[in-house]
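Source file: final_23.cif. Holds: mmCIF, C-alpha atoms.
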data_target
#
loop_
_atom_site.label_atom_id
_atom_site.label_comp_id
_atom_site.auth_asym_id
_atom_site.auth_seq_id
_atom_site.Cartn_x
_atom_site.Cartn_y
_atom_site.Cartn_z
CA MET A 1 -49.47 -124.52 36.93
CA ALA A 2 -52.96 -125.73 37.81
CA SER A 3 -53.82 -126.09 41.48
CA LEU A 4 -54.55 -129.46 43.08
CA LYS A 5 -58.25 -128.59 43.22
CA ASP A 6 -58.32 -127.80 39.50
CA MET A 7 -56.60 -131.09 38.71
CA ARG A 8 -59.06 -133.03 40.90
CA ASN A 9 -61.94 -131.38 39.10
CA ARG A 10 -60.42 -132.23 35.72
CA ILE A 11 -59.89 -135.87 36.68
CA ALA A 12 -63.50 -136.10 37.87
CA SER A 13 -64.67 -134.52 34.60
CA VAL A 14 -62.72 -137.01 32.47
CA LYS A 15 -64.05 -139.91 34.55
CA ALA A 16 -67.61 -138.69 33.95
CA THR A 17 -66.89 -138.46 30.22
CA ARG A 18 -65.49 -142.00 30.24
CA LYS A 19 -68.71 -143.28 31.80
CA ILE A 20 -70.73 -141.61 29.04
CA THR A 21 -68.56 -142.95 26.20
CA LYS A 22 -68.59 -146.43 27.74
CA ALA A 23 -72.38 -146.37 27.98
CA MET A 24 -72.69 -145.17 24.36
CA GLN A 25 -70.36 -147.95 23.26
CA MET A 26 -72.52 -150.58 24.96
CA VAL A 27 -75.71 -149.11 23.49
CA ALA A 28 -74.18 -149.07 19.98
CA ALA A 29 -73.04 -152.68 20.41
CA ALA A 30 -76.58 -153.72 21.36
CA LYS A 31 -78.09 -151.89 18.37
CA LEU A 32 -75.41 -153.09 15.96
CA ARG A 33 -76.45 -156.72 15.99
CA ARG A 34 -80.04 -155.97 15.03
CA ALA A 35 -79.00 -153.44 12.40
CA GLN A 36 -76.40 -155.78 10.93
CA GLU A 37 -78.91 -158.61 10.66
CA ALA A 38 -81.37 -156.32 8.85
CA ALA A 39 -78.71 -155.08 6.42
CA THR A 40 -77.47 -158.61 5.71
CA ALA A 41 -81.01 -159.85 5.12
CA ALA A 42 -81.72 -157.04 2.62
CA ARG A 43 -78.69 -157.73 0.42
CA PRO A 44 -79.92 -160.97 -1.26
CA TYR A 45 -83.27 -159.37 -2.09
CA ALA A 46 -81.64 -156.33 -3.68
CA GLU A 47 -79.18 -158.51 -5.62
CA ARG A 48 -81.98 -160.78 -6.80
CA MET A 49 -83.95 -157.74 -7.91
CA ASP A 50 -81.02 -156.78 -10.15
CA GLN A 51 -81.01 -160.27 -11.67
CA VAL A 52 -84.75 -160.23 -12.30
CA LEU A 53 -84.48 -156.80 -13.94
CA ALA A 54 -81.69 -158.10 -16.16
CA SER A 55 -83.79 -161.14 -17.05
CA VAL A 56 -86.92 -159.16 -17.95
CA ALA A 57 -84.97 -156.43 -19.77
CA SER A 58 -83.24 -159.03 -21.94
CA LYS A 59 -86.64 -160.33 -23.12
CA VAL A 60 -87.86 -156.91 -24.17
CA PRO A 61 -87.10 -156.73 -27.90
CA THR A 62 -86.39 -153.01 -28.06
CA ARG A 63 -85.89 -150.11 -25.68
CA GLU A 64 -87.96 -147.73 -27.77
CA GLY A 65 -90.94 -146.56 -25.78
CA GLN A 66 -89.57 -148.09 -22.57
CA SER A 67 -89.79 -146.41 -19.18
CA PRO A 68 -87.37 -143.50 -18.68
CA LEU A 69 -86.42 -145.22 -15.41
CA LEU A 70 -84.59 -147.76 -17.61
CA VAL A 71 -83.46 -145.85 -20.68
CA GLY A 72 -83.21 -142.39 -19.13
CA THR A 73 -84.42 -139.10 -20.54
CA GLY A 74 -81.82 -139.01 -23.27
CA LYS A 75 -79.87 -136.34 -21.40
CA ASP A 76 -77.53 -136.21 -18.42
CA GLN A 77 -77.52 -132.48 -17.78
CA VAL A 78 -79.22 -132.44 -14.36
CA HIS A 79 -77.99 -134.81 -11.65
CA LEU A 80 -79.76 -135.55 -8.38
CA LEU A 81 -77.50 -136.75 -5.56
CA ILE A 82 -79.31 -138.60 -2.77
CA VAL A 83 -76.95 -138.32 0.20
CA MET A 84 -77.80 -140.65 3.11
CA THR A 85 -76.23 -139.99 6.49
CA ALA A 86 -77.10 -140.32 10.17
CA GLU A 87 -79.26 -138.06 12.30
CA ARG A 88 -76.61 -137.85 15.01
CA GLY A 89 -72.86 -137.52 15.25
CA LEU A 90 -70.31 -139.12 17.59
CA CYS A 91 -69.68 -141.90 15.08
CA GLY A 92 -66.20 -141.13 13.85
CA GLY A 93 -65.82 -140.32 10.18
CA PHE A 94 -69.01 -142.09 9.10
CA ASN A 95 -70.98 -138.98 8.12
CA SER A 96 -68.04 -136.97 6.80
CA ASN A 97 -66.81 -139.81 4.55
CA ILE A 98 -70.17 -140.08 2.77
CA ALA A 99 -70.43 -136.31 2.44
CA LYS A 100 -66.85 -136.16 1.16
CA LEU A 101 -67.61 -138.63 -1.65
CA ALA A 102 -70.81 -136.79 -2.60
CA ARG A 103 -69.05 -133.42 -2.49
CA ALA A 104 -66.23 -134.64 -4.75
CA ASP A 105 -68.69 -136.00 -7.33
CA ALA A 106 -70.83 -132.86 -7.16
CA LEU A 107 -67.86 -130.56 -7.74
CA LYS A 108 -66.68 -132.77 -10.60
CA LEU A 109 -70.09 -132.62 -12.27
CA MET A 110 -70.35 -128.87 -11.78
CA ALA A 111 -66.88 -128.41 -13.26
CA ALA A 112 -68.12 -130.33 -16.33
CA GLY A 113 -71.01 -127.88 -16.73
CA LYS A 114 -73.71 -130.11 -15.23
CA THR A 115 -76.47 -128.97 -12.92
CA VAL A 116 -76.40 -130.63 -9.51
CA LYS A 117 -79.29 -131.01 -7.09
CA ILE A 118 -78.92 -132.64 -3.69
CA LEU A 119 -81.52 -134.48 -1.62
CA THR A 120 -80.25 -135.28 1.88
CA VAL A 121 -81.60 -138.10 4.02
CA GLY A 122 -80.39 -137.50 7.57
CA ARG A 123 -79.56 -134.27 9.36
CA LYS A 124 -75.77 -134.68 9.30
CA GLY A 125 -75.64 -134.86 5.50
CA ALA A 126 -77.19 -131.43 5.15
CA ASP A 127 -74.93 -130.03 7.88
CA ASN A 128 -71.80 -131.34 6.16
CA LEU A 129 -72.73 -130.11 2.69
CA ARG A 130 -74.38 -126.83 3.64
CA ARG A 131 -71.22 -124.71 3.56
CA ASP A 132 -69.96 -125.74 0.09
CA LEU A 133 -73.16 -126.89 -1.62
CA GLY A 134 -75.96 -125.20 0.31
CA ARG A 135 -77.56 -123.77 -2.83
CA GLN A 136 -77.71 -127.22 -4.44
CA ILE A 137 -79.71 -128.77 -1.57
CA VAL A 138 -83.32 -128.90 -2.78
CA GLU A 139 -84.85 -131.28 -0.25
CA ARG A 140 -84.10 -132.45 3.30
CA ILE A 141 -85.59 -135.62 4.76
CA GLU A 142 -85.01 -136.44 8.41
CA PHE A 143 -85.99 -139.47 10.47
CA ARG A 144 -85.45 -138.14 13.97
CA GLY A 145 -86.63 -140.37 16.77
CA ILE A 146 -86.91 -143.41 14.49
CA LYS A 147 -85.55 -146.47 16.26
CA GLN A 148 -85.25 -148.62 13.13
CA VAL A 149 -85.78 -147.74 9.47
CA ASN A 150 -88.13 -149.89 7.42
CA ALA A 151 -89.74 -150.14 3.99
CA GLY A 152 -92.13 -147.29 4.81
CA HIS A 153 -89.27 -144.85 5.17
CA ALA A 154 -87.77 -146.04 1.89
CA GLU A 155 -91.15 -145.54 0.21
CA GLU A 156 -91.28 -141.99 1.53
CA VAL A 157 -87.93 -141.15 -0.05
CA SER A 158 -88.80 -143.08 -3.22
CA SER A 159 -92.07 -141.23 -3.72
CA LYS A 160 -90.31 -137.85 -3.55
CA VAL A 161 -87.59 -138.95 -5.95
CA LEU A 162 -90.09 -140.35 -8.46
CA ALA A 163 -92.27 -137.23 -8.17
CA MET A 164 -89.28 -135.05 -8.99
CA PHE A 165 -88.37 -137.31 -11.93
CA GLU A 166 -91.88 -137.22 -13.35
CA LYS A 167 -91.77 -133.42 -13.24
CA GLY A 168 -88.54 -133.49 -15.22
CA GLU A 169 -86.47 -131.95 -12.45
CA PHE A 170 -83.45 -134.21 -13.07
CA ASP A 171 -82.04 -136.71 -15.57
CA VAL A 172 -79.78 -138.93 -13.45
CA ALA A 173 -80.16 -139.92 -9.79
CA THR A 174 -77.34 -141.37 -7.69
CA MET A 175 -77.56 -142.63 -4.11
CA TYR A 176 -74.71 -142.20 -1.63
CA PHE A 177 -74.47 -144.41 1.46
CA ALA A 178 -71.97 -146.43 3.48
CA GLU A 179 -71.80 -150.16 2.79
CA PHE A 180 -71.29 -152.10 6.00
CA LYS A 181 -68.17 -154.26 5.91
CA SER A 182 -67.31 -154.70 9.59
CA VAL A 183 -67.31 -152.78 12.86
CA ILE A 184 -64.15 -150.95 11.83
CA ALA A 185 -64.80 -150.71 8.09
CA GLN A 186 -67.65 -148.88 6.35
CA LYS A 187 -67.21 -148.17 2.64
CA PRO A 188 -68.74 -144.97 1.19
CA THR A 189 -70.58 -146.07 -1.97
CA ALA A 190 -72.28 -144.36 -4.90
CA LEU A 191 -75.08 -146.29 -6.66
CA GLN A 192 -76.92 -144.97 -9.71
CA LEU A 193 -80.68 -145.43 -9.39
CA ILE A 194 -82.04 -143.60 -12.45
CA PRO A 195 -81.62 -144.74 -15.15
CA ALA A 196 -81.34 -148.21 -13.66
CA ARG A 197 -78.05 -150.02 -13.93
CA ILE A 198 -78.93 -153.38 -15.48
CA ALA A 199 -76.65 -156.25 -14.52
CA ASP A 200 -74.33 -157.74 -17.10
CA ALA A 201 -75.59 -160.47 -19.35
CA SER A 202 -73.33 -162.90 -17.51
CA VAL A 203 -75.86 -163.19 -14.70
CA SER A 204 -78.62 -164.03 -17.15
CA GLY A 205 -78.97 -166.83 -19.59
CA LYS A 206 -80.03 -166.55 -23.22
CA SER A 207 -83.48 -165.15 -23.89
CA GLY A 208 -83.89 -164.06 -20.29
CA ALA A 209 -83.13 -167.42 -18.72
CA VAL A 210 -81.77 -166.97 -15.21
CA THR A 211 -78.96 -169.35 -14.33
CA THR A 212 -78.93 -170.67 -10.76
CA GLN A 213 -76.45 -173.30 -9.54
CA GLY A 214 -75.93 -174.75 -12.98
CA ALA A 215 -79.63 -175.04 -13.82
CA THR A 216 -81.36 -172.78 -16.32
CA ALA A 217 -84.88 -171.59 -15.53
CA VAL A 218 -86.93 -169.94 -18.27
CA TYR A 219 -89.73 -167.65 -17.13
CA GLU A 220 -92.84 -166.57 -18.98
CA TYR A 221 -94.40 -163.32 -17.80
CA GLU A 222 -98.06 -162.39 -17.61
CA PRO A 223 -98.85 -159.58 -18.30
CA SER A 224 -96.26 -158.63 -20.89
CA GLU A 225 -92.58 -158.18 -20.14
CA GLU A 226 -92.92 -154.43 -20.75
CA GLU A 227 -95.58 -154.03 -18.04
CA VAL A 228 -93.69 -156.23 -15.58
CA LEU A 229 -90.48 -154.33 -16.25
CA SER A 230 -92.19 -150.97 -15.71
CA PHE A 231 -93.48 -152.13 -12.30
CA LEU A 232 -90.14 -153.65 -11.29
CA LEU A 233 -88.26 -150.49 -12.18
CA THR A 234 -90.42 -148.48 -9.79
CA GLN A 235 -90.12 -151.15 -7.13
CA ASN A 236 -86.37 -151.27 -7.63
CA ILE A 237 -86.03 -147.64 -6.52
CA SER A 238 -87.64 -148.43 -3.16
CA THR A 239 -85.63 -151.63 -2.81
CA GLN A 240 -82.28 -149.96 -3.38
CA LEU A 241 -83.20 -147.04 -1.12
CA LEU A 242 -84.18 -149.47 1.64
CA ARG A 243 -80.90 -151.29 1.20
CA GLY A 244 -79.03 -147.99 1.51
CA LEU A 245 -80.92 -147.04 4.67
CA LEU A 246 -80.27 -150.42 6.29
CA GLU A 247 -76.60 -150.43 5.30
CA ASN A 248 -76.28 -146.94 6.73
CA ALA A 249 -77.95 -147.94 9.99
CA ALA A 250 -75.53 -150.82 10.51
CA SER A 251 -72.54 -148.72 9.46
CA GLU A 252 -73.55 -145.92 11.84
CA GLN A 253 -73.72 -148.22 14.86
CA GLY A 254 -70.46 -149.93 13.92
CA ALA A 255 -68.70 -146.60 13.50
CA ARG A 256 -70.16 -145.25 16.76
CA MET A 257 -69.14 -148.39 18.65
CA SER A 258 -65.58 -148.10 17.35
CA ALA A 259 -65.39 -144.34 18.00
CA MET A 260 -66.72 -144.64 21.56
CA ASP A 261 -64.34 -147.51 22.29
CA ASN A 262 -61.43 -145.32 21.20
CA ALA A 263 -62.78 -142.41 23.24
CA THR A 264 -63.09 -144.62 26.32
CA ARG A 265 -59.51 -145.83 25.92
CA ASN A 266 -58.24 -142.29 25.44
CA ALA A 267 -60.11 -141.12 28.53
CA ALA A 268 -58.56 -143.92 30.59
CA ASP A 269 -55.08 -142.95 29.38
CA MET A 270 -55.75 -139.29 30.18
CA ILE A 271 -56.98 -140.20 33.67
CA ASN A 272 -53.80 -142.17 34.33
CA LYS A 273 -51.58 -139.31 33.17
CA LEU A 274 -53.52 -136.72 35.16
CA THR A 275 -53.45 -138.93 38.26
CA ILE A 276 -49.68 -139.32 38.03
CA LYS A 277 -49.26 -135.58 37.54
CA TYR A 278 -51.61 -134.88 40.46
CA ASN A 279 -49.74 -137.26 42.79
CA ARG A 280 -46.38 -135.76 41.85
CA GLN A 281 -47.59 -132.21 42.39
CA ARG A 282 -49.21 -133.19 45.70
CA GLN A 283 -46.03 -134.90 46.84
CA ALA A 284 -43.95 -131.87 45.86
CA GLN A 285 -46.29 -129.59 47.81
CA ILE A 286 -46.10 -131.84 50.90
CA THR A 287 -42.29 -131.94 50.67
CA LYS A 288 -42.16 -128.15 50.37
CA GLU A 289 -44.36 -127.73 53.46
CA LEU A 290 -42.19 -130.15 55.45
CA ILE A 291 -39.04 -128.27 54.48
CA GLU A 292 -40.63 -125.00 55.57
CA ILE A 293 -41.64 -126.52 58.96
CA ILE A 294 -38.17 -127.98 59.54
CA SER A 295 -36.47 -124.75 58.56
CA GLY A 296 -38.70 -122.79 60.91
CA ALA A 297 -38.00 -125.19 63.78
CA GLU A 298 -34.22 -124.95 63.26
CA ALA A 299 -34.43 -121.15 63.23
CA LEU A 300 -35.93 -121.21 66.71
#
Would you mind writing the file out in structure tokens?
Amino acid sequence: MASLKDMRNRIASVKATRKITKAMQMVAAAKLRRAQEAATAARPYAERMDQVLASVASKVPTREGQSPLLVGTGKDQVHLLIVMTAERGLCGGFNSNIAKLARADALKLMAAGKTVKILTVGRKGADNLRRDLGRQIVERIEFRGIKQVNAGHAEEVSSKVLAMFEKGEFDVATMYFAEFKSVIAQKPTALQLIPARIADASVSGKSGAVTTQGATAVYEYEPSEEEVLSFLLTQNISTQLLRGLLENAASEQGARMSAMDNATRNAADMINKLTIKYNRQRQAQITKELIEIISGAEAL
């Protein structure tokens, strides 16, 4: 049985831990609002980009000679998995859930005879995948010390992905991130970037007319639709990567806030149990000492 001094030290240690988890919870709550606003603001732009791509692609008469970013390389032998995670832990299952989804898809592709390459964005992604898929990791990108991700960071990742594609290092690229739903819900998501997933024709009118609130707007493009489409496809990579980074940032803070709240509650419960145990043991020791004093006095 632990001594009273050991129990006092343990209670003090748990109290110090509770202060830390409470402070981390408050910091995450402060960062969450800004990150959530950024992620929410990026969604309409990314969705509109999909609609514009669908509109322009529908006006291109044929896909022959089109950019490989749209039609692909004609093969799907080599897959690049872009796994986005956080730089730090202490955020519940946020990092492990994304890595779990990427790992499952990678193993499935490898079982089908495909070649898998992994590009990690964030230190925790590489740490989670290193044991099972360390040989498949070809590039690691980290943003340590960055307070808030922006378009420049997305461009950095996009430039590396496009450089690898131009060299013929992969055929299909898929991005893995966590879509922010709420503080307690972050959904691991896989989104194919190359070749681009064009939206269904239901979001576009005939001959590339985009339907908005019942009205049909017909656009004419200058220069040609092919040139505009080629530019938009490149821009779409950066846009979707930025969306993934922003969604991840909001999901990370939400997951950390929830995890630290649970840790704070658990620490409070542990302190209560240890305090009760300490008081009981202290009372038992006092009673034992009194009995020994009384017994000694009666013996005299």
*For segment 107-111 of chain A, list every protein, DNA or RNA residue within 9 Å, evaluated using only C-alpha atoms, and leave out those in the same chain fewer than 5 positions away; present the list as a list in words.*
His79, Ala102, Val116 and Leu133 of chain A
Keeping only C-alpha atoms, take the residues you just selected and write them out as a PDB file, in the coordinates of the input.
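Output contents, as saved in out.pdb:
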ATOM      1  CA  HIS A  79     -77.990-134.810 -11.650  1.00  0.00           C
ATOM      2  CA  ALA A 102     -70.810-136.790  -2.600  1.00  0.00           C
ATOM      3  CA  VAL A 116     -76.400-130.630  -9.510  1.00  0.00           C
ATOM      4  CA  LEU A 133     -73.160-126.890  -1.620  1.00  0.00           C
TER       5      LEU A 133
END
_Can you pull out the residues contacting segment 83-86 of chain A? Cut-off 10 Å, using all atoms listed in the file, and skip same-chain residues under 2 positions away; I want them as a ChimeraX atom specification._
/A:80-81,88-89,91,94-99,101-103,118-126,128-129,140-144,174-178,190,241,244-245,248-249,251-253
*Apply the PyMOL selection byres ((chain A and resi 256-259) around 9) to the file shown and report the selected residues as a ChimeraX atom specification.*
/A:21,24-29,32,89-94,183-184,251-255,260-264
*Contacts of segment 271-287 of chain A at 10 Å (all atoms listed in the file; same-chain gap of 2+ positions) as a list in words*: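 Residues near the query, excluding close chain neighbours: Met1, Ala2, Ser3, Leu4, Lys5, Asp6, Met7, Arg8, Arg10, Ile11, Ala12, Ser13, Val14, Lys15, Arg18, Arg265, Asn266, Ala267, Ala268, Asp269, Glu289, Leu290, Ile291, Glu292 and Ile293 of chain A.
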Dump C-alpha atoms for the selected residues as a compact mmCIF listing (two decimals), in the frame of the given file?
# COMPACT_ATOMS: atom_id res chain seq x y z
CA MET A 1 -49.47 -124.52 36.93
CA ALA A 2 -52.96 -125.73 37.81
CA SER A 3 -53.82 -126.09 41.48
CA LEU A 4 -54.55 -129.46 43.08
CA LYS A 5 -58.25 -128.59 43.22
CA ASP A 6 -58.32 -127.80 39.50
CA MET A 7 -56.60 -131.09 38.71
CA ARG A 8 -59.06 -133.03 40.90
CA ARG A 10 -60.42 -132.23 35.72
CA ILE A 11 -59.89 -135.87 36.68
CA ALA A 12 -63.50 -136.10 37.87
CA SER A 13 -64.67 -134.52 34.60
CA VAL A 14 -62.72 -137.01 32.47
CA LYS A 15 -64.05 -139.91 34.55
CA ARG A 18 -65.49 -142.00 30.24
CA ARG A 265 -59.51 -145.83 25.92
CA ASN A 266 -58.24 -142.29 25.44
CA ALA A 267 -60.11 -141.12 28.53
CA ALA A 268 -58.56 -143.92 30.59
CA ASP A 269 -55.08 -142.95 29.38
CA GLU A 289 -44.36 -127.73 53.46
CA LEU A 290 -42.19 -130.15 55.45
CA ILE A 291 -39.04 -128.27 54.48
CA GLU A 292 -40.63 -125.00 55.57
CA ILE A 293 -41.64 -126.52 58.96
*asked:* Just checking: using all atoms listed in the file, which residue out of A:His153, A:Arg130, A:Lys100, A:Arg135 ends up closest to Pro188 of chain A?
replied: A:Lys100
*asked:* Can you translate the PyMOL selection byres ((chain A and resi 171) around 7) into the concrete residues it hits in this file, as a VMD selection string?
replied: chain A and resid 72 to 73 75 to 79 170 172 to 173
*Rounded to one decimal in Å, what is the spacing between atom CA of Met49 of chain A and atom CA of Asn236 of chain A?*
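We find that atom CA of Met49 of chain A and atom CA of Asn236 of chain A lie 6.9 Å from each other.
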*asked:* So the first atom is atom CA of Glu247 of chain A and the second is atom CA of Asp50 of chain A; what is the distance between them in Å, to one decimal place?
replied: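 One can read the atom CA of Glu247 of chain A to atom CA of Asp50 of chain A distance as 17.3 Å.
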*Report the distance between atom CA of Ala46 of chain A and atom CA of Leu232 of chain A in Å, rounded to one decimal place.*
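Value for the atom CA of Ala46 of chain A-atom CA of Leu232 of chain A distance: 11.7 Å.
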*Got a sec: who's within 10 Å of Arg197 of chain A, counting all atoms listed in the file, leaving out chain neighbours fewer than 2 positions off, as a list in words?*
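Skipping anything fewer than 2 positions along the chain leaves Asp50, Leu53, Ala54, Leu69, Leu70, Val71, Leu191, Gln192, Leu193, Ile194, Pro195, Ala199 and Asp200 of chain A.
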*Which polymer residues have any atom within 9 Å of an atom of Leu242 of chain A, counting only C-alpha atoms, with same-chain residues fewer than 6 positions away left out, as a ChimeraX atom specification?*
/A:42,149-155
*Restricting the calculation to all atoms listed in the file, which member of A:Ala41, A:Leu246, A:Val161, A:Ala104 is positioned closest to Ile82 of chain A?*
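Of the candidates, the smallest distance to Ile82 of chain A is held by A:Val161.
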_Using only C-alpha atoms, can you tell me which of A:Gln235, A:Ser182, A:Ser230, A:Ser158 comes closest to Gln36 of chain A?_
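Answer, going by the shortest atom-to-atom distance: A:Ser182.
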